[in-house]
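What follows is the content of data.tsv, which has TSV, C-alpha atoms and all ligand atoms:
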chain	number	residue	atom	x	y	z
A	12	MET	CA	-13.37	-34.65	-37.32
A	13	ILE	CA	-9.99	-35.75	-38.59
A	14	PHE	CA	-8.56	-36.26	-35.12
A	15	SER	CA	-8.89	-39.51	-33.21
A	16	PRO	CA	-10.87	-39.63	-29.94
A	17	LEU	CA	-7.79	-39.38	-27.69
A	18	VAL	CA	-6.49	-36.33	-29.55
A	19	GLU	CA	-9.95	-34.80	-29.33
A	20	GLN	CA	-10.03	-35.57	-25.63
A	21	LEU	CA	-6.70	-33.79	-25.11
A	22	ILE	CA	-7.91	-30.73	-27.02
A	23	ARG	CA	-11.12	-30.59	-25.03
A	24	ALA	CA	-9.20	-30.97	-21.75
A	25	LEU	CA	-6.88	-28.07	-22.60
A	26	THR	CA	-9.82	-25.72	-23.12
A	27	CYS	CA	-10.40	-25.76	-19.34
A	28	LEU	CA	-7.51	-23.27	-19.09
A	29	PRO	CA	-8.45	-19.58	-18.88
A	30	GLY	CA	-8.10	-17.81	-22.22
A	31	VAL	CA	-7.66	-21.05	-24.15
A	32	GLY	CA	-10.28	-21.61	-26.84
A	33	THR	CA	-10.55	-24.55	-29.23
A	34	LYS	CA	-8.04	-23.06	-31.69
A	35	SER	CA	-5.29	-22.54	-29.11
A	36	ALA	CA	-6.04	-25.90	-27.53
A	37	GLN	CA	-5.59	-27.58	-30.93
A	38	ARG	CA	-2.27	-25.82	-31.42
A	39	MET	CA	-1.07	-26.88	-27.95
A	40	ALA	CA	-2.18	-30.48	-28.36
A	41	LEU	CA	-0.57	-30.84	-31.79
A	42	HIS	CA	2.62	-29.22	-30.56
A	43	LEU	CA	2.89	-31.64	-27.65
A	44	LEU	CA	2.16	-34.70	-29.81
A	45	GLU	CA	4.33	-33.66	-32.74
A	46	ARG	CA	7.32	-32.15	-31.08
A	47	ASP	CA	7.50	-32.37	-27.33
A	48	HIS	CA	6.71	-35.71	-25.75
A	49	ALA	CA	9.13	-34.99	-22.88
A	50	GLY	CA	7.40	-31.68	-22.20
A	51	ALA	CA	4.02	-33.37	-22.34
A	52	ASN	CA	5.15	-35.94	-19.79
A	53	ARG	CA	6.50	-33.24	-17.48
A	54	LEU	CA	3.22	-31.34	-17.81
A	55	ALA	CA	1.17	-34.42	-17.02
A	56	GLU	CA	3.31	-35.22	-14.00
A	57	ALA	CA	3.30	-31.66	-12.69
A	58	LEU	CA	-0.49	-31.48	-13.06
A	59	ASN	CA	-0.97	-34.78	-11.29
A	60	ASP	CA	1.38	-33.90	-8.42
A	61	ALA	CA	-0.08	-30.44	-7.94
A	62	VAL	CA	-3.69	-31.58	-7.99
A	63	GLU	CA	-2.96	-34.46	-5.65
A	64	LEU	CA	-0.63	-32.77	-3.17
A	65	VAL	CA	-1.31	-29.04	-3.08
A	66	GLY	CA	-3.70	-27.93	-0.38
A	67	ARG	CA	-4.09	-24.71	1.56
A	68	CYS	CA	-1.78	-23.13	4.13
A	69	LYS	CA	-3.45	-23.60	7.53
A	70	GLN	CA	-2.80	-19.99	8.44
A	71	CYS	CA	-3.27	-17.86	5.31
A	72	ARG	CA	-5.10	-20.27	2.94
A	73	ILE	CA	-2.67	-19.78	0.06
A	74	PHE	CA	-1.87	-22.88	-2.03
A	75	SER	CA	0.82	-25.01	-0.41
A	76	GLU	CA	1.72	-28.68	-0.13
A	77	MET	CA	3.12	-27.97	3.34
A	78	PRO	CA	0.84	-27.33	6.34
A	79	TYR	CA	2.24	-23.79	6.49
A	80	CYS	CA	3.40	-21.80	3.45
A	81	SER	CA	6.84	-20.21	3.05
A	82	VAL	CA	5.56	-16.80	4.17
A	83	CYS	CA	3.74	-17.99	7.29
A	84	SER	CA	6.65	-20.18	8.35
A	85	ASN	CA	9.22	-17.39	7.84
A	86	ASP	CA	10.29	-15.93	11.21
A	87	ALA	CA	11.51	-12.75	9.53
A	88	ARG	CA	7.98	-11.69	8.55
A	89	ASP	CA	6.28	-8.94	10.53
A	90	ARG	CA	3.51	-10.64	12.48
A	91	MET	CA	1.95	-7.33	13.52
A	92	LEU	CA	0.58	-6.80	9.99
A	93	MET	CA	-1.84	-8.95	8.03
A	94	CYS	CA	-2.88	-8.13	4.48
A	95	VAL	CA	-6.19	-9.54	3.25
A	96	VAL	CA	-6.35	-10.26	-0.50
A	97	GLU	CA	-8.86	-11.98	-2.76
A	98	THR	CA	-6.57	-14.32	-4.68
A	99	PRO	CA	-3.12	-15.95	-4.54
A	100	ALA	CA	-2.26	-13.88	-7.65
A	101	ASP	CA	-2.96	-10.70	-5.65
A	102	ALA	CA	-0.65	-11.87	-2.85
A	103	LEU	CA	2.01	-12.65	-5.43
A	104	ALA	CA	1.72	-9.17	-6.99
A	105	ILE	CA	2.16	-7.54	-3.57
A	106	GLU	CA	5.04	-9.86	-2.73
A	107	LEU	CA	6.82	-9.01	-6.00
A	108	SER	CA	6.40	-5.29	-5.36
A	109	GLY	CA	8.57	-5.77	-2.25
A	110	THR	CA	6.44	-3.29	-0.34
A	111	PHE	CA	5.01	-5.54	2.35
A	112	ASN	CA	6.72	-7.79	4.89
A	113	GLY	CA	3.76	-8.91	6.97
A	114	LEU	CA	1.52	-11.94	6.67
A	115	TYR	CA	-1.26	-12.52	4.14
A	116	PHE	CA	-4.75	-13.87	4.36
A	117	VAL	CA	-6.15	-15.15	1.08
A	118	LEU	CA	-9.94	-15.16	0.82
A	119	MET	CA	-10.02	-17.10	-2.48
A	120	GLY	CA	-12.79	-14.87	-3.74
A	121	HIS	CA	-15.10	-12.17	-2.47
A	122	LEU	CA	-18.55	-12.04	-0.95
A	123	SER	CA	-21.05	-12.85	-3.67
A	124	PRO	CA	-24.44	-13.98	-2.37
A	125	ILE	CA	-25.66	-14.67	-5.92
A	126	ASP	CA	-22.94	-17.29	-6.37
A	127	GLY	CA	-23.48	-18.67	-2.89
A	128	ILE	CA	-20.18	-17.27	-1.60
A	129	GLY	CA	-20.60	-16.09	1.96
A	130	PRO	CA	-18.28	-15.52	4.92
A	131	GLU	CA	-17.86	-19.25	5.50
A	132	GLU	CA	-16.52	-19.93	1.98
A	133	LEU	CA	-13.97	-17.13	2.41
A	134	GLY	CA	-12.52	-18.52	5.64
A	135	MET	CA	-13.83	-15.73	7.87
A	136	ASP	CA	-13.86	-18.06	10.87
A	137	LEU	CA	-10.13	-18.57	10.48
A	138	LEU	CA	-9.61	-14.82	10.04
A	139	LYS	CA	-11.63	-14.20	13.20
A	140	HIS	CA	-9.40	-16.68	14.98
A	141	HIS	CA	-6.29	-14.74	13.85
A	142	LEU	CA	-7.82	-11.56	15.29
A	143	GLN	CA	-7.47	-13.06	18.75
A	144	ASN	CA	-3.69	-13.20	18.34
A	145	ASP	CA	-2.07	-10.53	20.51
A	146	MET	CA	0.85	-10.10	18.12
A	147	LEU	CA	-1.41	-8.88	15.32
A	148	GLN	CA	-1.98	-5.12	15.39
A	149	GLU	CA	-3.27	-4.06	11.98
A	150	VAL	CA	-5.27	-5.69	9.22
A	151	ILE	CA	-4.71	-4.14	5.79
A	152	LEU	CA	-7.57	-4.66	3.36
A	153	ALA	CA	-6.35	-5.11	-0.20
A	154	THR	CA	-9.47	-6.58	-1.76
A	155	GLY	CA	-10.41	-5.30	-5.23
A	156	THR	CA	-12.21	-2.06	-6.00
A	157	THR	CA	-15.12	-3.89	-7.55
A	158	VAL	CA	-18.50	-3.63	-5.82
A	159	GLU	CA	-17.95	-7.11	-4.36
A	160	GLY	CA	-14.41	-6.26	-3.28
A	161	GLU	CA	-15.63	-3.15	-1.46
A	162	ALA	CA	-18.47	-5.05	0.20
A	163	THR	CA	-16.01	-7.70	1.35
A	164	ALA	CA	-13.66	-5.01	2.73
A	165	HIS	CA	-16.57	-3.45	4.60
A	166	PHE	CA	-17.62	-6.78	6.09
A	167	ILE	CA	-14.10	-7.53	7.30
A	168	SER	CA	-13.52	-4.03	8.66
A	169	GLU	CA	-16.57	-4.44	10.94
A	170	MET	CA	-15.18	-7.74	12.14
A	171	VAL	CA	-11.74	-6.27	12.84
A	172	HIS	CA	-13.26	-3.28	14.62
A	173	SER	CA	-15.15	-5.43	17.05
A	174	SER	CA	-11.90	-7.23	17.85
A	175	GLY	CA	-10.30	-3.91	18.84
A	176	LYS	CA	-7.50	-4.10	16.24
A	177	LYS	CA	-6.62	-1.46	13.68
A	178	VAL	CA	-7.94	-1.88	10.16
A	179	SER	CA	-6.85	0.00	7.06
A	180	ARG	CA	-7.69	0.03	3.36
A	181	ILE	CA	-4.95	0.39	0.75
A	182	ALA	CA	-5.16	3.59	-1.25
A	183	HIS	CA	-6.19	3.09	-4.81
A	184	GLY	CA	-4.16	4.33	-7.67
A	185	VAL	CA	-5.78	1.12	-8.75
A	186	PRO	CA	-8.31	1.56	-11.57
A	187	MET	CA	-11.95	1.13	-10.54
A	188	GLY	CA	-12.98	-2.46	-10.90
A	189	GLY	CA	-9.30	-3.28	-11.31
A	190	GLU	CA	-7.84	-6.43	-9.97
A	191	LEU	CA	-4.67	-6.18	-7.91
A	192	GLU	CA	-2.69	-8.70	-9.89
A	193	TYR	CA	-2.64	-6.37	-12.90
A	194	VAL	CA	-1.30	-3.40	-10.99
A	195	ASP	CA	2.40	-2.51	-11.32
A	196	SER	CA	4.79	-2.50	-8.35
A	197	ASN	CA	5.09	1.28	-8.09
A	198	THR	CA	1.35	1.75	-7.88
A	199	LEU	CA	1.14	-1.02	-5.28
A	200	ASN	CA	3.86	0.70	-3.28
A	201	LEU	CA	1.92	3.96	-3.29
A	202	ALA	CA	-1.28	2.11	-2.45
A	203	PHE	CA	0.31	0.51	0.62
A	204	ASN	CA	2.07	3.60	1.88
A	205	GLY	CA	-1.06	5.68	1.33
A	206	ARG	CA	-3.36	3.26	3.13
A	207	ARG	CA	-5.82	4.91	5.50
A	208	LEU	CA	-7.25	3.69	8.74
A	209	ILE	CA	-10.94	2.87	8.74
A	210	ASP	CA	-12.79	4.16	11.79
B	1	ZN	ZN	0.53	-19.17	4.79
Entire entry expressed as structure tokens:
Amino acid sequence: MIFSPLVEQLIRALTCLPGVGTKSAQRMALHLLERDHAGANRLAEALNDAVELVGRCKQCRIFSEMPYCSVCSNDARDRMLMCVVETPADALAIELSGTFNGLYFVLMGHLSPIDGIGPEELGMDLLKHHLQNDMLQEVILATGTTVEGEATAHFISEMVHSSGKKVSRIAHGVPMGGELEYVDSNTLNLAFNGRRLID
């Protein structure tokens, strides 16, 4: 290899990013070293800060360095509605569509026994706790349309039922096996407005 160990180390480290193979990682590393030391420093600092300080919102589990995220701590949000999503990216997509003004609950995955992901890993205890809140009236399930997403929705709907609250599933103009974050705002709007109660 013509690169020194530290350059190699940087290239290898960059390949931990999704969609970044060795080629792209080389291009990024060389760009930073050749042309953008200031950018490299900012990147290093931002990475360090984020990894050290960002935790989970105590209420919805989304990434936040504050105990409660900006949505959960916003008094203008509708506390009667809670939308359950698989990932922070899904919550972001819904937020950007402007179609929902309630609270979120981010599972950070879906039920997947093969990978050892059960109810505990997805924060179901916390969700169960929220179900005891009198303000909450309806839980909207916006997990993916994959087999795992559907199984997760089913599991949660049983839980919500036994709490006596309403539970609904967003309608899917969403392609089968599609992930919410890739769905455009209009489709998300339709999906929310066309949600149906599960009984
Ligand atoms: Zn939150």
For this session: Taking all atoms listed in the file into account, report as a ChimeraX atom specification which residues have an atom no farther than 9 Å from an atom of ligand ZN 1 (chain B).
Result: /A:67-75,78-84,114-117
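Between Glu149 (chain A) and the candidates A:Thr33, A:Ser179, A:Ser168, A:Thr98, the tightest atom-to-atom separation, counting all atoms listed in the file, involves A:Ser179.
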Compute the distance from (-4.3, 1.3, -3.3) to each atom, counting all atoms listed in the file, keep the residues with any atom at most 10 Å away, and return them as a PDB file with C-alpha atoms, in the frame of the given file; use the coordinates of the file.
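And here's result-v8.pdb as it stands now:
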ATOM      1  CA  LEU A 152      -7.570  -4.660   3.360  1.00  0.00           C
ATOM      2  CA  ALA A 153      -6.350  -5.110  -0.200  1.00  0.00           C
ATOM      3  CA  THR A 154      -9.470  -6.580  -1.760  1.00  0.00           C
ATOM      4  CA  GLY A 155     -10.410  -5.300  -5.230  1.00  0.00           C
ATOM      5  CA  THR A 156     -12.210  -2.060  -6.000  1.00  0.00           C
ATOM      6  CA  ARG A 180      -7.690   0.030   3.360  1.00  0.00           C
ATOM      7  CA  ILE A 181      -4.950   0.390   0.750  1.00  0.00           C
ATOM      8  CA  ALA A 182      -5.160   3.590  -1.250  1.00  0.00           C
ATOM      9  CA  HIS A 183      -6.190   3.090  -4.810  1.00  0.00           C
ATOM     10  CA  GLY A 184      -4.160   4.330  -7.670  1.00  0.00           C
ATOM     11  CA  VAL A 185      -5.780   1.120  -8.750  1.00  0.00           C
ATOM     12  CA  PRO A 186      -8.310   1.560 -11.570  1.00  0.00           C
ATOM     13  CA  LEU A 191      -4.670  -6.180  -7.910  1.00  0.00           C
ATOM     14  CA  VAL A 194      -1.300  -3.400 -10.990  1.00  0.00           C
ATOM     15  CA  THR A 198       1.350   1.750  -7.880  1.00  0.00           C
ATOM     16  CA  LEU A 199       1.140  -1.020  -5.280  1.00  0.00           C
ATOM     17  CA  ASN A 200       3.860   0.700  -3.280  1.00  0.00           C
ATOM     18  CA  LEU A 201       1.920   3.960  -3.290  1.00  0.00           C
ATOM     19  CA  ALA A 202      -1.280   2.110  -2.450  1.00  0.00           C
ATOM     20  CA  PHE A 203       0.310   0.510   0.620  1.00  0.00           C
ATOM     21  CA  ASN A 204       2.070   3.600   1.880  1.00  0.00           C
ATOM     22  CA  GLY A 205      -1.060   5.680   1.330  1.00  0.00           C
ATOM     23  CA  ARG A 206      -3.360   3.260   3.130  1.00  0.00           C
ATOM     24  CA  ARG A 207      -5.820   4.910   5.500  1.00  0.00           C
TER      25      ARG A 207
END
For this session: Take CA of Ala164 (chain A) and CA of Gly120 (chain A) and report the distance between them in Å, one decimal.
Result: 11.8 Å
Exercise. Between CA of Gln37 (chain A) and CA of Arg23 (chain A), what is the spacing in Å?
Worked result: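 Going from CA of Arg23 (chain A) over to CA of Gln37 (chain A), I get 8.6 Å.
Of the residues under consideration (A:His172, A:Ser108, A:Val95, A:Ser123), A:Val95 shows the shortest atom-to-atom contact distance to Ile151 (chain A) when counting all atoms listed in the file.
Here CA of Phe166 (chain A) stands at a distance of 23.5 Å from CA of Leu103 (chain A).
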May I have the residues at most 10 Å from (-6.3, -34.8, -28.9) in the file's coordinates, counting only C-alpha atoms, as an mmCIF file with C-alpha atoms, keeping the file's coordinate frame?
data_model
loop_
_atom_site.group_PDB
_atom_site.id
_atom_site.type_symbol
_atom_site.label_atom_id
_atom_site.label_comp_id
_atom_site.auth_asym_id
_atom_site.auth_seq_id
_atom_site.Cartn_x
_atom_site.Cartn_y
_atom_site.Cartn_z
ATOM 1 C CA PHE A 14 -8.560 -36.260 -35.120
ATOM 2 C CA SER A 15 -8.890 -39.510 -33.210
ATOM 3 C CA PRO A 16 -10.870 -39.630 -29.940
ATOM 4 C CA LEU A 17 -7.790 -39.380 -27.690
ATOM 5 C CA VAL A 18 -6.490 -36.330 -29.550
ATOM 6 C CA GLU A 19 -9.950 -34.800 -29.330
ATOM 7 C CA GLN A 20 -10.030 -35.570 -25.630
ATOM 8 C CA LEU A 21 -6.700 -33.790 -25.110
ATOM 9 C CA ILE A 22 -7.910 -30.730 -27.020
ATOM 10 C CA ARG A 23 -11.120 -30.590 -25.030
ATOM 11 C CA ALA A 24 -9.200 -30.970 -21.750
ATOM 12 C CA LEU A 25 -6.880 -28.070 -22.600
ATOM 13 C CA ALA A 36 -6.040 -25.900 -27.530
ATOM 14 C CA GLN A 37 -5.590 -27.580 -30.930
ATOM 15 C CA MET A 39 -1.070 -26.880 -27.950
ATOM 16 C CA ALA A 40 -2.180 -30.480 -28.360
ATOM 17 C CA LEU A 41 -0.570 -30.840 -31.790
ATOM 18 C CA LEU A 43 2.890 -31.640 -27.650
ATOM 19 C CA LEU A 44 2.160 -34.700 -29.810
#
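Nearest-residue note for Leu133 (chain A): choosing from A:Ala51, A:Leu147, A:Ile167, A:Ile105, the minimum distance belongs to A:Ile167, counting only C-alpha atoms.
The closest residue to Thr163 (chain A), picked from A:Pro29, A:Pro124, A:Gly175, A:Gly113 and counting only C-alpha atoms, is A:Pro124.
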For this session: Go through A:Asp195, A:His42, A:Asp47, A:Ser174 one by one, measure the shortest atom-to-atom distance of each to Asp145 (chain A) using only C-alpha atoms, and give the residue with the smallest value.
Result: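 Residue with the minimum atom-to-atom distance to Asp145 (chain A): A:Ser174.
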Problem set entry | Counting all atoms listed in the file, the residue of A:Val171, A:Val65, A:Leu58, A:Val158 that sits nearest Lys139 (chain A) |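 Closest candidate: A:Val171.
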